[in-house]
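As stored in entry.pdb (PDB, C-alpha atoms):
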ATOM      1  CA  MET Q   1       0.000   0.000   0.000
ATOM      2  CA  ASN Q   2       1.401   3.426  -0.907
ATOM      3  CA  ARG Q   3       1.764   6.140   1.706
ATOM      4  CA  PRO Q   4      -1.528   8.036   1.011
ATOM      5  CA  GLY Q   5      -3.429   4.787   1.047
ATOM      6  CA  LEU Q   6      -1.877   3.793   4.356
ATOM      7  CA  LEU Q   7      -2.781   7.155   5.884
ATOM      8  CA  ILE Q   8      -6.388   6.905   4.730
ATOM      9  CA  ALA Q   9      -6.709   3.366   6.070
ATOM     10  CA  THR Q  10      -5.249   4.406   9.429
ATOM     11  CA  ALA Q  11      -7.589   7.374   9.719
ATOM     12  CA  LEU Q  12     -10.591   5.218   8.830
ATOM     13  CA  ALA Q  13      -9.664   2.639  11.451
ATOM     14  CA  ALA Q  14      -9.260   5.332  14.099
ATOM     15  CA  ALA Q  15     -12.654   6.823  13.278
ATOM     16  CA  LEU Q  16     -14.343   3.437  13.481
ATOM     17  CA  ALA Q  17     -12.696   2.719  16.822
ATOM     18  CA  ALA Q  18     -13.784   6.059  18.222
ATOM     19  CA  GLY Q  19     -17.334   5.494  17.053
ATOM     20  CA  TYR Q  20     -17.410   2.082  18.655
ATOM     21  CA  LEU Q  21     -16.211   3.494  21.955
ATOM     22  CA  VAL Q  22     -18.885   6.184  21.905
ATOM     23  CA  HIS Q  23     -21.515   3.612  21.118
ATOM     24  CA  ALA Q  24     -20.281   1.214  23.794
ATOM     25  CA  THR Q  25     -20.450   3.764  26.576
ATOM     26  CA  ARG Q  26     -23.923   5.106  25.967
ATOM     27  CA  ALA Q  27     -25.895   5.101  29.215
ATOM     28  CA  GLU Q  28     -28.807   3.168  27.814
ATOM     29  CA  ASP Q  29     -26.473   0.406  26.706
ATOM     30  CA  THR Q  30     -24.845   0.049  30.097
ATOM     31  CA  GLY Q  31     -28.103   0.352  32.031
ATOM     32  CA  ALA Q  32     -26.708   3.146  34.174
ATOM     33  CA  VAL Q  33     -29.325   5.067  36.113
ATOM     34  CA  PHE Q  34     -29.555   7.364  39.058
ATOM     35  CA  ALA Q  35     -30.989   5.397  41.946
ATOM     36  CA  GLY Q  36     -31.788   5.910  45.585
ATOM     37  CA  THR Q  37     -32.642   3.161  48.020
ATOM     38  CA  THR Q  38     -33.723   2.654  51.576
ATOM     39  CA  ALA Q  39     -34.388  -0.612  53.342
ATOM     40  CA  SER Q  40     -35.709  -2.216  56.477
ATOM     41  CA  THR Q  41     -34.977  -5.700  57.719
ATOM     42  CA  SER Q  42     -37.500  -8.152  59.109
ATOM     43  CA  SER Q  43     -37.344 -11.392  60.978
ATOM     44  CA  PHE Q  44     -40.099 -13.898  61.628
ATOM     45  CA  SER Q  45     -39.520 -16.663  64.131
ATOM     46  CA  ALA Q  46     -41.947 -19.388  65.022
ATOM     47  CA  LEU Q  47     -42.503 -20.521  68.562
ATOM     48  CA  THR Q  48     -41.112 -23.721  69.965
ATOM     49  CA  LEU Q  49     -43.617 -25.196  72.379
ATOM     50  CA  SER Q  50     -42.056 -26.636  75.490
ATOM     51  CA  ALA Q  51     -43.210 -29.887  77.011
ATOM     52  CA  PRO Q  52     -45.396 -29.560  80.094
ATOM     53  CA  SER Q  53     -43.250 -29.778  83.181
ATOM     54  CA  ASN Q  54     -43.530 -30.468  86.852
ATOM     55  CA  LEU Q  55     -46.347 -32.959  86.588
ATOM     56  CA  ARG Q  56     -47.541 -33.837  90.066
ATOM     57  CA  CYS Q  57     -50.507 -35.062  92.045
ATOM     58  CA  GLY Q  58     -52.782 -33.003  94.180
ATOM     59  CA  LEU Q  59     -55.807 -34.304  96.011
ATOM     60  CA  LEU Q  60     -57.212 -36.666  93.359
ATOM     61  CA  THR Q  61     -55.955 -34.151  90.841
ATOM     62  CA  LEU Q  62     -53.169 -34.110  88.281
ATOM     63  CA  ILE Q  63     -51.341 -30.765  88.065
ATOM     64  CA  TRP Q  64     -48.639 -29.344  85.779
ATOM     65  CA  ASP Q  65     -47.004 -25.982  85.095
ATOM     66  CA  ALA Q  66     -48.336 -23.769  82.366
ATOM     67  CA  VAL Q  67     -46.473 -23.844  79.069
ATOM     68  CA  PRO Q  68     -45.816 -20.378  77.622
ATOM     69  CA  HIS Q  69     -48.079 -19.599  74.662
ATOM     70  CA  ALA Q  70     -50.034 -22.852  74.983
ATOM     71  CA  THR Q  71     -53.741 -22.387  74.526
ATOM     72  CA  SER Q  72     -54.804 -25.863  75.537
ATOM     73  CA  TYR Q  73     -53.543 -29.191  76.821
ATOM     74  CA  PHE Q  74     -54.232 -32.642  75.562
ATOM     75  CA  ILE Q  75     -54.233 -35.266  78.287
ATOM     76  CA  GLN Q  76     -54.072 -38.951  77.518
ATOM     77  CA  GLN Q  77     -55.609 -40.684  80.537
ATOM     78  CA  PRO Q  78     -55.335 -44.333  81.523
ATOM     79  CA  ILE Q  79     -58.693 -44.660  79.813
ATOM     80  CA  GLY Q  80     -59.611 -42.142  77.155
ATOM     81  CA  SER Q  81     -58.368 -38.590  76.628
ATOM     82  CA  THR Q  82     -59.438 -35.004  77.020
ATOM     83  CA  THR Q  83     -58.442 -31.500  75.941
ATOM     84  CA  GLN Q  84     -58.728 -28.513  78.209
ATOM     85  CA  ALA Q  85     -57.344 -25.042  78.721
ATOM     86  CA  GLY Q  86     -56.404 -25.333  82.399
ATOM     87  CA  THR Q  87     -53.329 -26.855  84.005
ATOM     88  CA  SER Q  88     -55.014 -29.389  86.293
ATOM     89  CA  LEU Q  89     -57.241 -32.388  85.770
ATOM     90  CA  GLY Q  90     -59.410 -34.239  88.245
ATOM     91  CA  MET Q  91     -58.556 -37.921  88.075
ATOM     92  CA  GLY Q  92     -62.035 -39.096  88.975
ATOM     93  CA  LEU Q  93     -62.013 -42.842  89.198
ATOM     94  CA  GLN Q  94     -58.890 -43.233  87.092
ATOM     95  CA  LEU Q  95     -56.559 -43.226  90.055
ATOM     96  CA  THR Q  96     -54.091 -45.672  88.654
ATOM     97  CA  GLY Q  97     -52.284 -45.586  85.340
ATOM     98  CA  THR Q  98     -50.153 -43.314  83.162
ATOM     99  CA  TYR Q  99     -51.146 -39.759  82.354
ATOM    100  CA  THR Q 100     -49.506 -38.022  79.396
ATOM    101  CA  VAL Q 101     -49.867 -34.253  78.883
ATOM    102  CA  THR Q 102     -49.152 -32.328  75.698
ATOM    103  CA  ALA Q 103     -49.357 -28.563  75.235
ATOM    104  CA  LYS Q 104     -51.203 -27.268  72.175
ATOM    105  CA  VAL Q 105     -51.464 -24.092  70.202
ATOM    106  CA  GLY Q 106     -53.407 -24.156  66.987
ATOM    107  CA  ASN Q 107     -52.452 -27.370  65.261
ATOM    108  CA  TRP Q 108     -49.088 -27.485  66.961
ATOM    109  CA  SER Q 109     -48.215 -29.806  69.766
ATOM    110  CA  SER Q 110     -45.387 -29.826  72.229
ATOM    111  CA  PRO Q 111     -43.392 -32.841  73.232
ATOM    112  CA  SER Q 112     -45.336 -34.746  75.865
ATOM    113  CA  SER Q 113     -44.646 -35.397  79.501
ATOM    114  CA  SER Q 114     -45.900 -38.435  81.424
ATOM    115  CA  ILE Q 115     -46.433 -39.500  84.996
ATOM    116  CA  PHE Q 116     -47.564 -42.761  86.574
ATOM    117  CA  VAL Q 117     -50.273 -42.553  89.175
ATOM    118  CA  LEU Q 118     -50.951 -45.296  91.672
ATOM    119  CA  ALA Q 119     -54.102 -45.149  93.727
ATOM    120  CA  GLY Q 120     -54.171 -41.369  93.302
ATOM    121  CA  PHE Q 121     -50.588 -40.886  94.289
ATOM    122  CA  CYS Q 122     -47.706 -39.941  92.007
TER     123      CYS Q 122
ATOM    124  CA  MET I   1      41.767  40.479   2.256
ATOM    125  CA  ARG I   2      42.023  43.064  -0.317
ATOM    126  CA  GLU I   3      39.086  44.420  -2.388
ATOM    127  CA  GLY I   4      40.201  47.038  -4.765
ATOM    128  CA  ASP I   5      41.905  49.587  -2.683
ATOM    129  CA  ARG I   6      40.061  48.666   0.467
ATOM    130  CA  THR I   7      41.185  46.122   2.851
ATOM    131  CA  VAL I   8      38.361  44.342   4.636
ATOM    132  CA  HIS I   9      39.190  42.776   7.915
ATOM    133  CA  ARG I  10      37.043  40.058   9.330
ATOM    134  CA  PRO I  11      37.461  37.946  12.401
ATOM    135  CA  ARG I  12      39.613  35.000  11.913
ATOM    136  CA  TRP I  13      36.874  32.600  13.123
ATOM    137  CA  LEU I  14      34.396  33.872  10.547
ATOM    138  CA  GLY I  15      35.047  31.746   7.511
ATOM    139  CA  ALA I  16      33.010  31.418   4.328
ATOM    140  CA  ARG I  17      30.632  28.984   5.999
ATOM    141  CA  GLY I  18      30.147  31.309   8.936
ATOM    142  CA  ILE I  19      29.189  34.073   6.602
ATOM    143  CA  ALA I  20      26.620  31.840   4.938
ATOM    144  CA  VAL I  21      25.086  30.819   8.258
ATOM    145  CA  LEU I  22      24.985  34.398   9.421
ATOM    146  CA  SER I  23      23.320  35.470   6.243
ATOM    147  CA  ALA I  24      20.709  32.765   6.495
ATOM    148  CA  SER I  25      19.953  33.716  10.102
ATOM    149  CA  LEU I  26      19.506  37.329   9.201
ATOM    150  CA  LEU I  27      17.229  36.372   6.338
ATOM    151  CA  ALA I  28      15.118  34.199   8.587
ATOM    152  CA  ALA I  29      14.876  36.906  11.207
ATOM    153  CA  GLY I  30      13.796  39.335   8.609
ATOM    154  CA  LEU I  31      11.135  37.050   7.243
ATOM    155  CA  GLY I  32       9.940  36.334  10.745
ATOM    156  CA  SER I  33       9.599  39.924  11.684
ATOM    157  CA  GLY I  34       7.861  40.569   8.425
ATOM    158  CA  PHE I  35       5.412  37.843   9.186
ATOM    159  CA  LEU I  36       4.698  39.359  12.562
ATOM    160  CA  VAL I  37       4.143  42.735  11.016
ATOM    161  CA  TRP I  38       1.854  41.190   8.464
ATOM    162  CA  GLN I  39      -0.075  39.432  11.193
ATOM    163  CA  GLY I  40      -0.390  42.658  13.115
ATOM    164  CA  THR I  41      -1.859  44.358  10.167
ATOM    165  CA  THR I  42      -4.587  41.822   9.553
ATOM    166  CA  ALA I  43      -6.733  43.373  12.290
ATOM    167  CA  VAL I  44     -10.440  43.658  11.469
ATOM    168  CA  PHE I  45     -13.427  45.187  13.055
ATOM    169  CA  ASN I  46     -15.327  42.474  14.845
ATOM    170  CA  SER I  47     -18.030  42.073  17.391
ATOM    171  CA  THR I  48     -19.111  39.071  19.504
ATOM    172  CA  THR I  49     -21.991  38.189  21.712
ATOM    173  CA  ALA I  50     -22.654  35.305  24.078
ATOM    174  CA  ASN I  51     -25.434  34.152  26.322
ATOM    175  CA  GLY I  52     -24.787  33.495  29.982
ATOM    176  CA  SER I  53     -22.427  30.755  30.941
ATOM    177  CA  SER I  54     -23.978  27.338  30.539
ATOM    178  CA  ALA I  55     -24.206  24.867  33.382
ATOM    179  CA  TRP I  56     -25.105  21.232  33.575
ATOM    180  CA  ALA I  57     -26.138  19.887  36.959
ATOM    181  CA  THR I  58     -27.030  16.247  37.461
ATOM    182  CA  ALA I  59     -30.350  15.296  38.988
ATOM    183  CA  THR I  60     -30.615  13.735  42.416
ATOM    184  CA  VAL I  61     -32.561  10.640  43.366
ATOM    185  CA  SER I  62     -32.675   9.830  47.041
ATOM    186  CA  LEU I  63     -34.896   7.848  49.366
ATOM    187  CA  THR I  64     -35.016   7.767  53.128
ATOM    188  CA  ASP I  65     -37.298   6.167  55.685
ATOM    189  CA  ASP I  66     -38.277   6.748  59.262
ATOM    190  CA  ASP I  67     -37.225   3.438  60.810
ATOM    191  CA  SER I  68     -34.050   4.938  62.310
ATOM    192  CA  GLY I  69     -32.270   1.726  61.499
ATOM    193  CA  SER I  70     -34.696  -0.475  63.364
ATOM    194  CA  ALA I  71     -36.113  -3.675  61.957
ATOM    195  CA  MET I  72     -39.589  -3.402  60.577
ATOM    196  CA  PHE I  73     -40.472  -6.749  62.104
ATOM    197  CA  ASN I  74     -38.715  -8.754  64.739
ATOM    198  CA  ALA I  75     -41.567 -11.155  65.295
ATOM    199  CA  THR I  76     -40.785 -13.983  67.676
ATOM    200  CA  ASN I  77     -42.728 -16.859  69.179
ATOM    201  CA  LEU I  78     -45.107 -16.878  66.260
ATOM    202  CA  VAL I  79     -47.830 -19.461  66.398
ATOM    203  CA  PRO I  80     -50.345 -20.459  63.736
ATOM    204  CA  SER I  81     -52.670 -17.535  62.897
ATOM    205  CA  ALA I  82     -50.404 -15.040  64.661
ATOM    206  CA  THR I  83     -50.554 -11.708  62.896
ATOM    207  CA  GLY I  84     -49.008  -8.278  63.098
ATOM    208  CA  SER I  85     -48.431  -5.173  61.060
ATOM    209  CA  ASN I  86     -46.158  -2.189  60.868
ATOM    210  CA  CYS I  87     -45.926   0.988  58.881
ATOM    211  CA  ILE I  88     -42.960   2.842  57.477
ATOM    212  CA  THR I  89     -42.773   6.238  55.866
ATOM    213  CA  VAL I  90     -40.600   6.429  52.785
ATOM    214  CA  SER I  91     -39.563   9.887  51.643
ATOM    215  CA  TYR I  92     -38.337  10.908  48.224
ATOM    216  CA  GLY I  93     -35.850  13.733  48.122
ATOM    217  CA  GLY I  94     -34.912  13.761  44.468
ATOM    218  CA  THR I  95     -35.313  16.363  41.767
ATOM    219  CA  VAL I  96     -36.668  14.295  38.900
ATOM    220  CA  ALA I  97     -39.734  12.201  38.269
ATOM    221  CA  THR I  98     -39.358   8.605  39.326
ATOM    222  CA  THR I  99     -41.292   5.542  40.378
ATOM    223  CA  VAL I 100     -40.599   3.910  43.708
ATOM    224  CA  LYS I 101     -40.575   0.147  43.802
ATOM    225  CA  LEU I 102     -40.437  -2.257  46.725
ATOM    226  CA  TYR I 103     -38.700  -5.579  46.597
ATOM    227  CA  ALA I 104     -36.747  -8.012  48.771
ATOM    228  CA  SER I 105     -33.055  -7.278  48.498
ATOM    229  CA  ALA I 106     -32.050 -10.172  50.728
ATOM    230  CA  SER I 107     -33.637 -13.103  52.455
ATOM    231  CA  ALA I 108     -32.813 -16.242  54.379
ATOM    232  CA  ASP I 109     -35.141 -19.143  54.840
ATOM    233  CA  ALA I 110     -33.178 -22.239  55.711
ATOM    234  CA  SER I 111     -36.113 -23.783  57.544
ATOM    235  CA  THR I 112     -38.533 -23.052  54.678
ATOM    236  CA  VAL I 113     -41.102 -21.381  56.865
ATOM    237  CA  ALA I 114     -41.483 -18.299  54.638
ATOM    238  CA  GLN I 115     -44.039 -20.187  52.580
ATOM    239  CA  TYR I 116     -46.339 -20.009  55.585
ATOM    240  CA  VAL I 117     -45.838 -16.316  56.275
ATOM    241  CA  ASN I 118     -48.606 -14.496  54.438
ATOM    242  CA  LEU I 119     -48.072 -10.846  53.542
ATOM    243  CA  VAL I 120     -50.318  -7.983  52.583
ATOM    244  CA  ILE I 121     -48.427  -4.895  51.449
ATOM    245  CA  GLN I 122     -50.261  -1.633  51.030
ATOM    246  CA  GLU I 123     -49.222   1.899  50.240
ATOM    247  CA  GLY I 124     -51.108   4.942  51.365
ATOM    248  CA  SER I 125     -50.938   7.775  53.813
ATOM    249  CA  GLY I 126     -51.144   8.243  57.538
ATOM    250  CA  GLY I 127     -49.153   6.492  60.186
ATOM    251  CA  THR I 128     -45.455   6.327  60.854
ATOM    252  CA  PHE I 129     -42.905   3.693  61.723
ATOM    253  CA  ASN I 130     -44.227   1.480  64.510
ATOM    254  CA  ASN I 131     -47.558   3.282  64.441
ATOM    255  CA  CYS I 132     -50.147   2.601  61.785
ATOM    256  CA  THR I 133     -52.792   4.723  63.453
ATOM    257  CA  GLY I 134     -54.565   6.683  60.752
ATOM    258  CA  PHE I 135     -53.173   4.709  57.852
ATOM    259  CA  ALA I 136     -55.392   4.874  54.777
ATOM    260  CA  SER I 137     -54.544   2.534  51.937
ATOM    261  CA  SER I 138     -54.487   3.827  48.393
ATOM    262  CA  ALA I 139     -53.329   0.592  46.814
ATOM    263  CA  THR I 140     -52.648  -3.001  47.723
ATOM    264  CA  LEU I 141     -49.330  -3.870  46.188
ATOM    265  CA  TYR I 142     -48.974  -7.500  47.129
ATOM    266  CA  THR I 143     -50.928 -10.346  48.637
ATOM    267  CA  GLY I 144     -49.164 -13.657  48.993
ATOM    268  CA  THR I 145     -46.503 -15.493  50.891
ATOM    269  CA  LEU I 146     -43.174 -14.106  51.960
ATOM    270  CA  ALA I 147     -41.493 -16.942  50.096
ATOM    271  CA  ALA I 148     -43.145 -15.969  46.833
ATOM    272  CA  PHE I 149     -42.308 -12.319  47.388
ATOM    273  CA  THR I 150     -38.634 -12.928  48.034
ATOM    274  CA  ALA I 151     -38.459 -15.244  45.042
ATOM    275  CA  ALA I 152     -40.233 -13.045  42.520
ATOM    276  CA  LYS I 153     -39.657  -9.489  43.712
ATOM    277  CA  THR I 154     -35.921  -9.242  43.776
ATOM    278  CA  ASN I 155     -35.044  -5.977  42.057
ATOM    279  CA  TYR I 156     -36.351  -2.704  40.766
ATOM    280  CA  SER I 157     -37.685  -4.085  37.532
ATOM    281  CA  ASN I 158     -39.895  -6.716  39.145
ATOM    282  CA  GLY I 159     -40.628  -4.858  42.356
ATOM    283  CA  VAL I 160     -44.075  -3.638  43.370
ATOM    284  CA  GLY I 161     -45.306  -0.098  43.749
ATOM    285  CA  THR I 162     -47.187   2.642  41.988
ATOM    286  CA  TRP I 163     -45.883   5.704  43.739
ATOM    287  CA  ALA I 164     -44.362   8.105  41.226
ATOM    288  CA  PRO I 165     -43.089  11.274  42.875
ATOM    289  CA  SER I 166     -41.483  14.047  40.859
ATOM    290  CA  SER I 167     -40.270  16.111  43.765
ATOM    291  CA  THR I 168     -39.992  15.871  47.524
ATOM    292  CA  ALA I 169     -42.826  13.695  48.842
ATOM    293  CA  SER I 170     -43.574  10.851  51.253
ATOM    294  CA  LYS I 171     -45.571   7.656  51.161
ATOM    295  CA  VAL I 172     -46.512   5.274  53.937
ATOM    296  CA  TYR I 173     -46.246   1.543  53.420
ATOM    297  CA  LYS I 174     -48.082  -0.900  55.630
ATOM    298  CA  ILE I 175     -47.015  -4.507  55.788
ATOM    299  CA  THR I 176     -49.191  -7.070  57.521
ATOM    300  CA  TYR I 177     -48.028 -10.610  58.168
ATOM    301  CA  THR I 178     -49.900 -13.675  59.316
ATOM    302  CA  LEU I 179     -48.428 -17.054  60.084
ATOM    303  CA  ASP I 180     -50.705 -19.424  58.262
ATOM    304  CA  ALA I 181     -53.095 -21.392  60.445
ATOM    305  CA  ALA I 182     -52.028 -24.540  58.609
ATOM    306  CA  THR I 183     -48.343 -24.118  59.334
ATOM    307  CA  PRO I 184     -47.102 -27.634  60.061
ATOM    308  CA  ASN I 185     -46.005 -28.668  63.505
ATOM    309  CA  ALA I 186     -42.543 -29.288  62.071
ATOM    310  CA  LYS I 187     -42.076 -25.535  61.578
ATOM    311  CA  GLN I 188     -41.891 -24.835  65.282
ATOM    312  CA  GLY I 189     -38.795 -22.813  66.050
ATOM    313  CA  ALA I 190     -38.213 -21.915  62.409
ATOM    314  CA  THR I 191     -36.929 -18.483  61.432
ATOM    315  CA  THR I 192     -36.941 -16.565  58.205
ATOM    316  CA  THR I 193     -35.582 -13.119  57.441
ATOM    317  CA  ALA I 194     -36.063 -10.644  54.651
ATOM    318  CA  THR I 195     -34.922  -7.152  53.821
ATOM    319  CA  PHE I 196     -37.567  -4.964  52.270
ATOM    320  CA  GLN I 197     -35.949  -2.419  50.022
ATOM    321  CA  TRP I 198     -37.457   0.580  48.350
ATOM    322  CA  GLU I 199     -35.758   1.992  45.291
ATOM    323  CA  ALA I 200     -36.289   4.982  43.054
ATOM    324  CA  GLN I 201     -34.697   5.196  39.654
ATOM    325  CA  ALA I 202     -34.415   7.910  37.053
TER     326      ALA I 202
END
Could you take the file, read its structure, and then write that structure out as structure tokens?
Amino acid sequence: MNRPGLLIATALAAALAAGYLVHATRAEDTGAVFAGTTASTSSFSALTLSAPSNLRCGLLTLIWDAVPHATSYFIQQPIGSTTQAGTSLGMGLQLTGTYTVTAKVGNWSSPSSSIFVLAGFC
Amino acid sequence: MREGDRTVHRPRWLGARGIAVLSASLLAAGLGSGFLVWQGTTAVFNSTTANGSSAWATATVSLTDDDSGSAMFNATNLVPSATGSNCITVSYGGTVATTVKLYASASADASTVAQYVNLVIQEGSGGTFNNCTGFASSATLYTGTLAAFTAAKTNYSNGVGTWAPSSTASKVYKITYTLDAATPNAKQGATTTATFQWEAQA
């Protein structure tokens, strides 16, 4: 290539390169925007129901400590079962056998606790 | 040197080449000064005018909220059907028209309980952070689970929101959560977190 031809080719290449750079850095191509943000964190933790504790016998009555957040208690008696809100249960005639108590809230249940009763005594 | 009857004396160091160089220098100086004179004589009558100096200032886009860095929710000991709500005021301090979108910029749900956290997100007016008294909804932006929100609303382009301020303004957002009544027993003790982020773009 003679000298004028080389100069023209060089100039053309430079112009193309410059045009490409301009095109490549346009804001809409790079997605650049002005943005402002603000945020707030949140945490949601579900309860863990504790097992009823301190099961003991009163006068013909089974007693246990309240479980935080429990709304009811399911008691499996020697014969049959019952659900109630309070933390004591009259044993009636079922003075001998195993009692198992479970705390409840909604459809959730706690681990259970059991106690053996003999002739009304724990 | 003798020239006719005159004898011309020149310095011994000034040979024929020196004379040539000296002559060329003098010629160049003369041409140069002539050029300057010529330039000085090309003066013309002219007149100019200009408007005031131009300035280009970039726009601003800024958002703030009134939570003072506190968590919007730190709900613990949730049981099935437990519910709560909170409000937050988001303020726009920019100088150009924009649309504010809300999305989850981060989340963690290792125990997969977020699918049982139901959300209702509203925007409106009235109320402040930790006090929704007087809140009046103008739009319900989202109804669904937290899990679905954090999965689908992850950035500005897919975020929710209709608020489009063009200058300084505020909007109150109310978020209500409810732990689904059918949340399985196995989800006791589970925790999920999310960061609600508001963003304005221009």
Item to check | Residues of chain I within 6 Å of chain Q, only C-alpha atoms counted, as a VMD selection string | outcome: chain I and resid 61 to 64 71 to 80 185 188 to 202
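With distances restricted to all atoms listed in the file, I:Leu141 is the closest residue to Val120 (chain I) from I:Ala169, I:Leu141, I:Ala55, I:Cys132.
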Checklist entry - What residues have an atom no more than 8 Å from (-38.4, 9.5, 37.8) in the file's own frame, counting all atoms listed in the file, and can you write them as a ChimeraX atom specification? => result /I:96-99,164-166,200-202
Checklist entry - Exactly which residues make up the result of the PyMOL selection byres ((chain Q and resi 117) around 7) on this file, given as a ChimeraX atom specification? => result /Q:95-98,115-116,118-122
Item to check | Protein, DNA and RNA residues within 8 Å of (-45.5, -3.4, 65.4), only C-alpha atoms, as a list in words | outcome: Met72, Phe73, Gly84, Ser85, Asn86, Cys87, Asn130 and Asn131 of chain I
Can you list what the PyMOL selection byres ((chain Q and resi 102) around 8) grabs from this structure, as a compact mmCIF listing (two decimals) with C-alpha atoms, in the coordinates of the input?
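Final output, saved to out-v2.txt:
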# COMPACT_ATOMS: atom_id res chain seq x y z
CA ALA Q 51 -43.21 -29.89 77.01
CA PRO Q 52 -45.40 -29.56 80.09
CA TYR Q 73 -53.54 -29.19 76.82
CA PHE Q 74 -54.23 -32.64 75.56
CA ILE Q 75 -54.23 -35.27 78.29
CA THR Q 100 -49.51 -38.02 79.40
CA VAL Q 101 -49.87 -34.25 78.88
CA ALA Q 103 -49.36 -28.56 75.24
CA LYS Q 104 -51.20 -27.27 72.18
CA SER Q 109 -48.22 -29.81 69.77
CA SER Q 110 -45.39 -29.83 72.23
CA PRO Q 111 -43.39 -32.84 73.23
CA SER Q 112 -45.34 -34.75 75.86
CA SER Q 113 -44.65 -35.40 79.50
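In this structure, CA of Ser105 (chain I) sits 23.1 Å away from CA of Thr83 (chain I).
Picture a line from CA of Thr162 (chain I) to CA of Lys101 (chain I); it runs 7.3 Å.
Rounded to one decimal, CA of Ile79 (chain Q) and CA of Ala66 (chain Q) lie 23.5 Å from each other.
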